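Participant: Here you go, one structure.
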Amino acid sequence: MAKLCSLVLPLLQNKADLEKFKRLGISSALELAVFVPAIYENRELLSEALIGQTQVLDVTVKSIHQTSKFLRVSFFSHNLGTNVDGMIFNPRPFHRNVFRDSAKMLIHGKIQKYNGTLQIAQPKVIESSGGIVAIYRTDLRTDSMRRLIEKYVTLENLDVLPDDVIKNIMSLHYPTAEFVNNFIKVGEYGGKYLYALKFVELYTYMFQLRKKRRYFKASHVLNAEWQSWRKTLPFNLTDDQKRAIDKIEKDFSSGLSSRRIVVGDVGSGKTMVILASIIMAHPYKSILMAPTTLLANQLFEEAQKFLPDEFKIVLVTNEHKKEDLAEFDVLIGTHALLYRDLPNVALVMVDEQHRFGTAQRNMLEKLTNNDANTKPHYIQFSATPIPRTQAMIDSNFIDVSLIEQTPFKRDILTKVIQKQHFRDLLSHITLELERNHQVLIVYPLVEQSDAIEYQSLEEAKDFWIKRFENVAVTHGKDKNKSEVLKNFKDSGNILLATTVVEVGISLPRLSTVVIVGAERLGLATLHQLRGRVSRTGLKGYCYLFTNLQKSARLESFSQSNNGFEIAALDLKFRQSGDLLSGNMQSGKSFKWVNLGEDEKVIKDVQKLIPQKR
């Protein structure tokens with residue numbers, strides 16, 4: 001498998017080739033192999049004219065006639081045994097030098113028939129005939145690209161791949177007449193050839209991910225069992241929760257510092273996985289960082305409720321007094337943790353990891369470990385589901401666990417609405433408030449903007465405050481938002497907010513969310529906002545308010561409540577990200593691979609990529 005790494009080495013000794021590879025945006029022979037030809041041309045000398053097709057003619061120039069708009073060259077074609085008119089539009093001076101009286105040459109172009117006479121438009125002079133020529137459309141000239149292909153796309157350089165993949169890739173670059181008869185354009189590639197291109201693209205990408213992965217000795221080997229604690233819970237864990245915990249248990253006992261991300265849909269029970277991890281880390285210390293004070297408080301309350309009484313737990317936020325953290329078994333807090341003296345811990349966890357920068361996550365890890373030769377176990381949690389296929393690929397860089405099941409089925413009706421439905425929406429809100437339920441209305445902006453055709457939070461709040469009682473208002477820059485959300489949870493009816501409520505708020509009575517300007521938000525954000533309702537099995541409603549008369553994207557979203565299905569749907573409407581370049585949310589997409597459909601190819605590639613630590 002080290003073979004792939006060595007494929008770049010010849011380039012280091014050839015600066016001209018290295019420059020060409022850079023222009024193509026690649027660094028290995030395998031990446032070059034997926035640059036397939038745009039078209040194939042048959043340059044054999046045939047004895048019959050193929051009308052409508054390009055072919056090579058062995059000709060002698062008979063006469064030349066030039067006007068201001070075109071140059072007509074009369075040829076005699078020796079291989080066809082007949083005259084052919086060459087039509088050159090907008091001729092340049094060099095054309096007269098090339099097409100001289102009685103000159104013999106090989107020309108190439110598309111043959112047509114006009115008034116009984118064979119014609120060839122814009123004939124191109126070529127050096128030799130015979131065989132199939134692959135034409136590449138890249139930043140490089142065709143002859144330069146061809147030399148690169150012949151030098152690097154070889155059996156020797158492709159021998160890390162399965163034999164059938166090698167055979168089909170070589171057919172694309174070194175085509176036979178039989179191949180060209182079946183495949184004229186890249187767009188017509190399919191079947192085994194498309195599979196081969198996907199395989200090579202994925203193999204290269206996943207191998208590079210595997211090379212980026214680093215392994216460190218764990219600061220502590222953790223062997224505490226968790227099954228006894230599970231039996232004390234007043235509910236059963238889902239199979240997905242158990243599988244995730246089992247994987248973490250194996251990570252902890254391996255002797256290597258674990259690097260895992262646990263991805264679970266809204267309400268899938270990631271908190272129980274967090275608490276089970278803390279149980280397995282005991283008697284060593286654990287730390288958990290959350291993005292908001294509200295979420296940190298929520299996790300702290302859950303830990304106090306479900307962890308054994310002997311566990312000493314502390315909440316660390318800017319609002320709490322400073323204590324000696326070395327006295328506690330479990331530290332739960334916000335980014336305020338980064339500015340405290342932290343004890344050495346065996347386990348570091350980050351909830352809603354995408355809300356923190358890489359520097360913050362790395363700082364937390366360093367602050368909790370004084371030994372340069374070891375690292376604590378590290379687990380990230382995310383409620384933003386990703387497609388299963390993406391998870392399979394990312395597993396080459398970091399261990400991934402998916403929690404797709406939820407402890408109970410969530411009954412949420414999602415509808416796309418416009419202005420004409422507003423009266424019905426008001427009736428629904430009134431009815432839900434009479435049932436002692438709560439309503440959340442999310443606005444795209446805090447203040448008015450000419451760039452957006454929707455009302456802002458500030459513009460809309462007077463309407464709701466005059467019409468309904470106990471209306472709360474908050475947004476991202478509101479210094480009192482945690483207090484507003486807490487008060488609303490206890491006694492509010494309607495909450496007007498921005499996407500500040502996307503993460504970290506649990507409202508058991510919330511039955512309805514209205515998202516204004518829904519088409520402006522990503523599907524993952526829409527799903528997170530929808531996930532605020534029906535948290536306890538309550539019948540839920542999500543209204544997507546838009547000025548668009550039709551939106552296939554929003555309609556498709558409304559048909560599914562499954563976060564992993566939504567993530568796959570997102571791929572349909574948005575290009576996938578690139579883990580290598582760090583653009584996880586958007587950026588470079590695969591050229592051949594479709595992450596929504598190619599699970600089988602990914603599995604086949606995984607069998608070839610070394611998985612052992």
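Ligands are numbered from 1 in the order shown, residues from 1 within each chain, and chains are lettered A, B, ... in the order they appear in the structure tokens.
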Find the residues near Arg553 (chain A): any atom within 8 Å, counting only C-alpha atoms, skip ones fewer than 3 places away on the same chain, and give them as a PyMOL selection string.
Facilitator: chain A and resi 556-557+573
Participant: Can you tell me which residues surround Thr271 (chain A) at a distance of at most 10 Å, considering only C-alpha atoms, apart from same-chain residues fewer than 2 positions away, and format the answer as a PDB file with C-alpha atoms, in the first residue's frame?
Facilitator:
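The new file selection.pdb reads:
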ATOM      1  CA  GLN A 241     -26.787   3.750  21.437  1.00  0.00           C
ATOM      2  CA  GLY A 267     -33.453  13.455  20.027  1.00  0.00           C
ATOM      3  CA  SER A 268     -31.464  10.269  19.364  1.00  0.00           C
ATOM      4  CA  GLY A 269     -30.061  10.127  22.908  1.00  0.00           C
ATOM      5  CA  VAL A 273     -23.614   7.895  25.225  1.00  0.00           C
ATOM      6  CA  ILE A 274     -21.815  10.818  26.907  1.00  0.00           C
ATOM      7  CA  LEU A 275     -22.761   9.571  30.387  1.00  0.00           C
ATOM      8  CA  ALA A 276     -21.808   5.967  29.579  1.00  0.00           C
ATOM      9  CA  SER A 277     -18.383   7.231  28.445  1.00  0.00           C
ATOM     10  CA  GLN A 298     -28.926  20.951  30.469  1.00  0.00           C
ATOM     11  CA  LEU A 299     -26.085  18.397  30.318  1.00  0.00           C
ATOM     12  CA  GLU A 302     -28.801  15.205  33.087  1.00  0.00           C
ATOM     13  CA  ALA A 303     -25.475  14.127  34.600  1.00  0.00           C
ATOM     14  CA  ASP A 351     -20.748  18.473  22.312  1.00  0.00           C
ATOM     15  CA  PHE A 381     -20.629  14.733  19.392  1.00  0.00           C
TER      16      PHE A 381
END
Participant: Return the single residue from A:Arg520, A:Arg96, A:His282, A:His475 that is closest to Glu453 (chain A), with distances computed using only C-alpha atoms.
Facilitator: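 When distances to Glu453 (chain A) are compared using only C-alpha atoms, the smallest one comes from A:Arg520.
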Participant: Please extract the residues of region 372-518 of chain A with a backbone DSSP assignment of alpha helix (DSSP H) and present them as number ranges by chain.
Facilitator: A: 388-394, 422-434, 457-467, 481-491
Participant: Write to file, as an mmCIF file, in the first residue's frame, the residues of the selection just made, with C-alpha atoms.
Facilitator:
data_model
loop_
_atom_site.group_PDB
_atom_site.id
_atom_site.type_symbol
_atom_site.label_atom_id
_atom_site.label_comp_id
_atom_site.auth_asym_id
_atom_site.auth_seq_id
_atom_site.Cartn_x
_atom_site.Cartn_y
_atom_site.Cartn_z
ATOM 1 C CA ARG A 388 -23.970 7.114 5.659
ATOM 2 C CA THR A 389 -21.653 7.142 2.636
ATOM 3 C CA GLN A 390 -19.880 10.252 3.969
ATOM 4 C CA ALA A 391 -19.465 8.552 7.344
ATOM 5 C CA MET A 392 -17.880 5.518 5.668
ATOM 6 C CA ILE A 393 -15.331 7.759 3.955
ATOM 7 C CA ASP A 394 -14.626 9.934 7.000
ATOM 8 C CA PHE A 422 -51.109 33.245 7.120
ATOM 9 C CA ARG A 423 -54.719 33.415 8.421
ATOM 10 C CA ASP A 424 -54.768 29.612 8.832
ATOM 11 C CA LEU A 425 -51.386 29.787 10.598
ATOM 12 C CA LEU A 426 -52.790 32.279 13.150
ATOM 13 C CA SER A 427 -55.725 29.946 13.824
ATOM 14 C CA HIS A 428 -53.334 27.040 14.395
ATOM 15 C CA ILE A 429 -51.186 29.089 16.802
ATOM 16 C CA THR A 430 -54.250 30.193 18.783
ATOM 17 C CA LEU A 431 -55.435 26.579 19.095
ATOM 18 C CA GLU A 432 -52.009 25.327 20.249
ATOM 19 C CA LEU A 433 -51.780 28.032 22.921
ATOM 20 C CA GLU A 434 -55.230 27.046 24.191
ATOM 21 C CA LEU A 457 -37.458 40.269 14.189
ATOM 22 C CA GLU A 458 -37.675 43.935 15.226
ATOM 23 C CA GLU A 459 -40.277 44.733 12.549
ATOM 24 C CA ALA A 460 -42.504 41.760 13.410
ATOM 25 C CA LYS A 461 -42.433 41.717 17.218
ATOM 26 C CA ASP A 462 -45.088 44.434 17.759
ATOM 27 C CA PHE A 463 -47.649 42.409 15.777
ATOM 28 C CA TRP A 464 -47.211 39.336 17.987
ATOM 29 C CA ILE A 465 -46.934 41.217 21.290
ATOM 30 C CA LYS A 466 -50.219 43.097 20.629
ATOM 31 C CA ARG A 467 -52.088 39.958 19.549
ATOM 32 C CA LYS A 481 -30.760 35.304 25.813
ATOM 33 C CA SER A 482 -30.066 32.479 28.297
ATOM 34 C CA GLU A 483 -32.341 34.145 30.879
ATOM 35 C CA VAL A 484 -35.006 34.868 28.217
ATOM 36 C CA LEU A 485 -35.010 31.221 27.094
ATOM 37 C CA LYS A 486 -35.172 29.970 30.680
ATOM 38 C CA ASN A 487 -38.117 32.235 31.517
ATOM 39 C CA PHE A 488 -39.871 31.289 28.290
ATOM 40 C CA LYS A 489 -39.470 27.589 29.103
ATOM 41 C CA ASP A 490 -41.319 28.126 32.383
ATOM 42 C CA SER A 491 -44.079 30.552 31.444
#
Participant: Applying 12 Å and only C-alpha atoms, which residues near Val266 (chain A) remain after dropping the ones on its own chain fewer than 2 positions away? List them as an MDAnalysis selection string.
Facilitator: chainID A and resid 263:264 268:271 352 381:385 403:410 502:506 524:536 561:564 566
Participant: Next, the residues of the selection above should be written as a short mmCIF file (atom, residue, chain, number, x, y, z; two decimals), in the first residue's frame with C-alpha atoms.
Facilitator:
data_model
loop_
_atom_site.label_atom_id
_atom_site.label_comp_id
_atom_site.auth_asym_id
_atom_site.auth_seq_id
_atom_site.Cartn_x
_atom_site.Cartn_y
_atom_site.Cartn_z
CA VAL A 263 -23.28 11.66 15.06
CA GLY A 264 -26.89 11.41 16.13
CA SER A 268 -31.46 10.27 19.36
CA GLY A 269 -30.06 10.13 22.91
CA LYS A 270 -26.43 11.22 22.51
CA THR A 271 -26.47 12.35 26.15
CA GLU A 352 -21.97 20.15 19.13
CA PHE A 381 -20.63 14.73 19.39
CA SER A 382 -22.76 16.25 16.67
CA ALA A 383 -26.51 16.51 16.09
CA THR A 384 -25.99 17.35 12.44
CA PRO A 385 -26.42 14.03 10.62
CA ILE A 403 -27.05 6.92 16.00
CA GLU A 404 -29.99 6.76 13.63
CA GLN A 405 -32.65 5.39 15.97
CA THR A 406 -34.58 7.56 18.40
CA PRO A 407 -36.00 6.37 21.77
CA PHE A 408 -39.52 7.21 20.55
CA LYS A 409 -41.10 8.03 17.22
CA ARG A 410 -41.46 11.78 16.66
CA GLU A 502 -30.97 25.93 16.64
CA VAL A 503 -28.96 24.13 19.31
CA GLY A 504 -29.14 23.79 23.06
CA ILE A 505 -32.71 24.42 24.08
CA SER A 506 -35.13 21.80 25.40
CA ALA A 524 -29.28 20.78 8.25
CA THR A 525 -30.28 24.04 9.98
CA LEU A 526 -33.93 23.55 9.05
CA HIS A 527 -33.79 20.05 10.53
CA GLN A 528 -32.19 21.33 13.73
CA LEU A 529 -34.89 23.98 14.13
CA ARG A 530 -37.61 21.44 13.44
CA GLY A 531 -35.99 19.23 16.08
CA ARG A 532 -36.91 21.75 18.79
CA VAL A 533 -40.54 20.51 18.69
CA SER A 534 -42.02 17.16 19.73
CA ARG A 535 -39.16 16.52 22.16
CA THR A 536 -41.38 14.47 24.49
CA ASN A 561 -38.19 13.68 9.42
CA ASN A 562 -35.06 11.50 9.34
CA GLY A 563 -31.87 13.54 9.71
CA PHE A 564 -29.74 11.06 7.79
CA ILE A 566 -32.13 14.90 5.05
#
Participant: So that I can see what lies close to Lys250 (chain A), please list as a PyMOL selection string the residues with an atom at most 12 Å from it, counting only C-alpha atoms and leaving out residues fewer than 2 positions away in the same chain.
Facilitator: chain A and resi 221-225+243-248+252-260+277+280+377+399
Participant: Find, counting only C-alpha atoms, the residue in A:Leu118, A:Val439, A:Val516, A:Leu106 that gets nearest to Leu495 (chain A).
Facilitator: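 Checking each of A:Leu118, A:Val439, A:Val516, A:Leu106 against Leu495 (chain A), counting only C-alpha atoms, the winner is A:Val439.
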Participant: May I ask for the distance between CA of Val73 (chain A) and CA of Asp85 (chain A), given in Å to one decimal place?
Facilitator: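 Going from CA of Val73 (chain A) over to CA of Asp85 (chain A) covers 5.8 Å.
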Participant: Quick one: pull the distance between CA of Asn493 (chain A) and CA of His437 (chain A), Å, one decimal.
Facilitator: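 For CA of Asn493 (chain A) relative to CA of His437 (chain A), the distance reads 7.3 Å.
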Participant: Compile a residue-level contact table for region 22-85 of chain A against region 132-145 of chain A at a cut-off of 12 Å, reporting for every qualifying residue the shortest atom pair and its distance in Å to one decimal, with only C-alpha atoms counted, rows ordered by chain and ascending number, as a Markdown table.
Facilitator:
| residue | atom | partner | partner_atom | distance |
| --- | --- | --- | --- | --- |
| A:Lys22 | CA | A:Asp139 | CA | 10.6 |
| A:Arg23 | CA | A:Asp139 | CA | 7.0 |
| A:Leu24 | CA | A:Asp139 | CA | 7.0 |
| A:Gly25 | CA | A:Asp139 | CA | 10.3 |
| A:Leu32 | CA | A:Met145 | CA | 9.8 |
| A:Ala33 | CA | A:Met145 | CA | 11.4 |
| A:Val34 | CA | A:Tyr136 | CA | 11.5 |
| A:Phe35 | CA | A:Tyr136 | CA | 7.9 |
| A:Val36 | CA | A:Tyr136 | CA | 6.9 |
| A:Pro37 | CA | A:Tyr136 | CA | 4.4 |
| A:Ala38 | CA | A:Tyr136 | CA | 5.3 |
| A:Ile39 | CA | A:Ile135 | CA | 5.4 |
| A:Tyr40 | CA | A:Ala134 | CA | 4.6 |
| A:Glu41 | CA | A:Val133 | CA | 5.1 |
| A:Asn42 | CA | A:Ile132 | CA | 4.5 |
| A:Arg43 | CA | A:Ile132 | CA | 5.8 |
| A:Glu44 | CA | A:Ile132 | CA | 7.4 |
| A:Leu45 | CA | A:Ile132 | CA | 11.2 |
| A:Thr54 | CA | A:Val133 | CA | 11.6 |
| A:Gln55 | CA | A:Ile132 | CA | 10.5 |
| A:Val56 | CA | A:Ile132 | CA | 11.1 |
Participant: Excluding His95 (chain A) and any residue of its chain fewer than 4 positions from it, enumerate the residues within 12 Å of it, using only C-alpha atoms, and give them as a list in words.
Facilitator: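 Counting only the stated atoms, we get Ile64, His65, Gln66, Phe70, Leu71, Arg72, Val73, Gly86, Met87, Ile88, Phe89, Asn90, Pro91, Phe99, Arg100, Gln122, Pro123, Lys124 and Val125 of chain A.
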Participant: Suppose we keep N, CA and C atoms; can you now write the selection as a PDB file, in the first residue's frame?
Facilitator:
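Saved file selection13.pdb follows:
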ATOM      1  N   ILE A  64      -6.765  26.108 -55.057  1.00  0.00           N
ATOM      2  CA  ILE A  64      -7.130  26.938 -53.910  1.00  0.00           C
ATOM      3  C   ILE A  64      -7.929  28.132 -54.423  1.00  0.00           C
ATOM      4  N   HIS A  65      -9.031  28.437 -53.699  1.00  0.00           N
ATOM      5  CA  HIS A  65      -9.837  29.602 -54.046  1.00  0.00           C
ATOM      6  C   HIS A  65     -10.141  30.354 -52.758  1.00  0.00           C
ATOM      7  N   GLN A  66      -9.761  31.642 -52.723  1.00  0.00           N
ATOM      8  CA  GLN A  66      -9.943  32.410 -51.493  1.00  0.00           C
ATOM      9  C   GLN A  66     -10.844  33.612 -51.718  1.00  0.00           C
ATOM     10  N   PHE A  70     -13.829  33.028 -46.708  1.00  0.00           N
ATOM     11  CA  PHE A  70     -13.429  31.629 -46.583  1.00  0.00           C
ATOM     12  C   PHE A  70     -12.349  31.284 -47.597  1.00  0.00           C
ATOM     13  N   LEU A  71     -11.713  30.154 -47.306  1.00  0.00           N
ATOM     14  CA  LEU A  71     -10.700  29.585 -48.208  1.00  0.00           C
ATOM     15  C   LEU A  71     -11.192  28.194 -48.576  1.00  0.00           C
ATOM     16  N   ARG A  72     -11.383  27.972 -49.919  1.00  0.00           N
ATOM     17  CA  ARG A  72     -11.805  26.640 -50.361  1.00  0.00           C
ATOM     18  C   ARG A  72     -10.619  25.951 -51.014  1.00  0.00           C
ATOM     19  N   VAL A  73     -10.266  24.790 -50.456  1.00  0.00           N
ATOM     20  CA  VAL A  73      -9.146  24.016 -50.976  1.00  0.00           C
ATOM     21  C   VAL A  73      -9.705  22.734 -51.591  1.00  0.00           C
ATOM     22  N   GLY A  86     -12.220  21.220 -49.099  1.00  0.00           N
ATOM     23  CA  GLY A  86     -11.960  21.661 -47.732  1.00  0.00           C
ATOM     24  C   GLY A  86     -12.399  23.095 -47.567  1.00  0.00           C
ATOM     25  N   MET A  87     -13.266  23.397 -46.610  1.00  0.00           N
ATOM     26  CA  MET A  87     -13.782  24.745 -46.391  1.00  0.00           C
ATOM     27  C   MET A  87     -13.182  25.300 -45.090  1.00  0.00           C
ATOM     28  N   ILE A  88     -12.428  26.400 -45.222  1.00  0.00           N
ATOM     29  CA  ILE A  88     -11.796  27.040 -44.066  1.00  0.00           C
ATOM     30  C   ILE A  88     -12.385  28.430 -43.918  1.00  0.00           C
ATOM     31  N   PHE A  89     -13.156  28.644 -42.847  1.00  0.00           N
ATOM     32  CA  PHE A  89     -13.800  29.932 -42.608  1.00  0.00           C
ATOM     33  C   PHE A  89     -12.890  30.829 -41.776  1.00  0.00           C
ATOM     34  N   ASN A  90     -12.935  32.123 -42.069  1.00  0.00           N
ATOM     35  CA  ASN A  90     -12.056  33.101 -41.422  1.00  0.00           C
ATOM     36  C   ASN A  90     -10.596  32.659 -41.498  1.00  0.00           C
ATOM     37  N   PRO A  91     -10.088  32.441 -42.715  1.00  0.00           N
ATOM     38  CA  PRO A  91      -8.720  31.918 -42.868  1.00  0.00           C
ATOM     39  C   PRO A  91      -7.662  32.902 -42.376  1.00  0.00           C
ATOM     40  N   PHE A  99      -1.617  25.059 -47.104  1.00  0.00           N
ATOM     41  CA  PHE A  99      -2.332  24.434 -48.235  1.00  0.00           C
ATOM     42  C   PHE A  99      -1.836  25.036 -49.560  1.00  0.00           C
ATOM     43  N   ARG A 100      -0.653  24.598 -50.004  1.00  0.00           N
ATOM     44  CA  ARG A 100      -0.053  25.063 -51.260  1.00  0.00           C
ATOM     45  C   ARG A 100      -0.397  24.109 -52.397  1.00  0.00           C
ATOM     46  N   GLN A 122     -13.045  23.062 -41.857  1.00  0.00           N
ATOM     47  CA  GLN A 122     -11.890  23.365 -41.001  1.00  0.00           C
ATOM     48  C   GLN A 122     -10.926  22.168 -40.914  1.00  0.00           C
ATOM     49  N   PRO A 123     -10.418  21.686 -42.049  1.00  0.00           N
ATOM     50  CA  PRO A 123      -9.500  20.534 -42.012  1.00  0.00           C
ATOM     51  C   PRO A 123      -8.241  20.850 -41.209  1.00  0.00           C
ATOM     52  N   LYS A 124      -7.800  19.877 -40.419  1.00  0.00           N
ATOM     53  CA  LYS A 124      -6.622  20.035 -39.566  1.00  0.00           C
ATOM     54  C   LYS A 124      -5.522  19.121 -40.101  1.00  0.00           C
ATOM     55  N   VAL A 125      -4.348  19.693 -40.289  1.00  0.00           N
ATOM     56  CA  VAL A 125      -3.210  18.893 -40.757  1.00  0.00           C
ATOM     57  C   VAL A 125      -2.629  18.114 -39.575  1.00  0.00           C
TER      58      VAL A 125
END
Participant: Can you tell me which residues surround Ser286 (chain A) at a distance of at most 6 Å, considering only C-alpha atoms, apart from same-chain residues fewer than 3 positions away, and format the answer as a PyMOL selection string?
Facilitator: chain A and resi 330+345+347
Participant: Tell me which protein, DNA and RNA residues are within 10 Å of Asp58 (chain A), counting only C-alpha atoms, leaving out same-chain ones fewer than 3 positions away, and put them as a list of chain:residue names.
Facilitator: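 The neighbour list is A:Leu45, A:Leu46, A:Phe75, A:Phe76, A:Ser77, A:His78, A:Asn79, A:Leu80, A:Gly81, A:Lys104, A:Met105, A:Leu106, A:Ile107, A:His108, A:Ser128, A:Ser129.
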Participant: Go ahead and save the picked residues with C-alpha atoms, as an mmCIF file, in the first residue's frame.
Facilitator:
data_model
loop_
_atom_site.group_PDB
_atom_site.id
_atom_site.type_symbol
_atom_site.label_atom_id
_atom_site.label_comp_id
_atom_site.auth_asym_id
_atom_site.auth_seq_id
_atom_site.Cartn_x
_atom_site.Cartn_y
_atom_site.Cartn_z
ATOM 1 C CA LEU A 45 -7.028 5.533 -43.222
ATOM 2 C CA LEU A 46 -10.330 4.132 -44.437
ATOM 3 C CA PHE A 75 -8.155 18.011 -52.469
ATOM 4 C CA PHE A 76 -7.800 14.654 -54.098
ATOM 5 C CA SER A 77 -8.152 11.953 -51.415
ATOM 6 C CA HIS A 78 -5.964 8.968 -52.259
ATOM 7 C CA ASN A 79 -7.575 6.655 -49.710
ATOM 8 C CA LEU A 80 -11.144 7.516 -50.835
ATOM 9 C CA GLY A 81 -10.214 7.787 -54.539
ATOM 10 C CA LYS A 104 0.728 16.297 -50.028
ATOM 11 C CA MET A 105 -0.470 15.856 -46.458
ATOM 12 C CA LEU A 106 -2.720 14.088 -43.987
ATOM 13 C CA ILE A 107 -5.816 16.030 -42.956
ATOM 14 C CA HIS A 108 -8.402 15.317 -40.294
ATOM 15 C CA SER A 128 0.584 10.646 -38.842
ATOM 16 C CA SER A 129 -2.390 8.362 -39.241
#
Participant: Measuring atom to atom with only C-alpha atoms, identify which of A:Ile261, A:Leu209, A:Val593, A:Val416 is nearest to Glu519 (chain A).
Facilitator: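 Distance minimum relative to Glu519 (chain A) lands on A:Val416.
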Participant: Which one is closest to Glu597 (chain A): A:Glu555, A:Glu48, A:Tyr195, A:Val314? Count only C-alpha atoms.
Facilitator: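 Selected residue with least distance to Glu597 (chain A): A:Tyr195.
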Participant: Hey, which of A:Thr334, A:Thr238, A:Gln360, A:Thr204 ends up closest to Ile609 (chain A)? Count only C-alpha atoms.
Facilitator: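 Of the candidates, the smallest distance to Ile609 (chain A) is held by A:Thr204.
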Participant: Please identify the strand (DSSP E) residues within region 338-410 of chain A (assignment by DSSP from backbone atoms) and present them as a ChimeraX atom specification.
Facilitator: /A:347-351,374-375,377-382,399-403
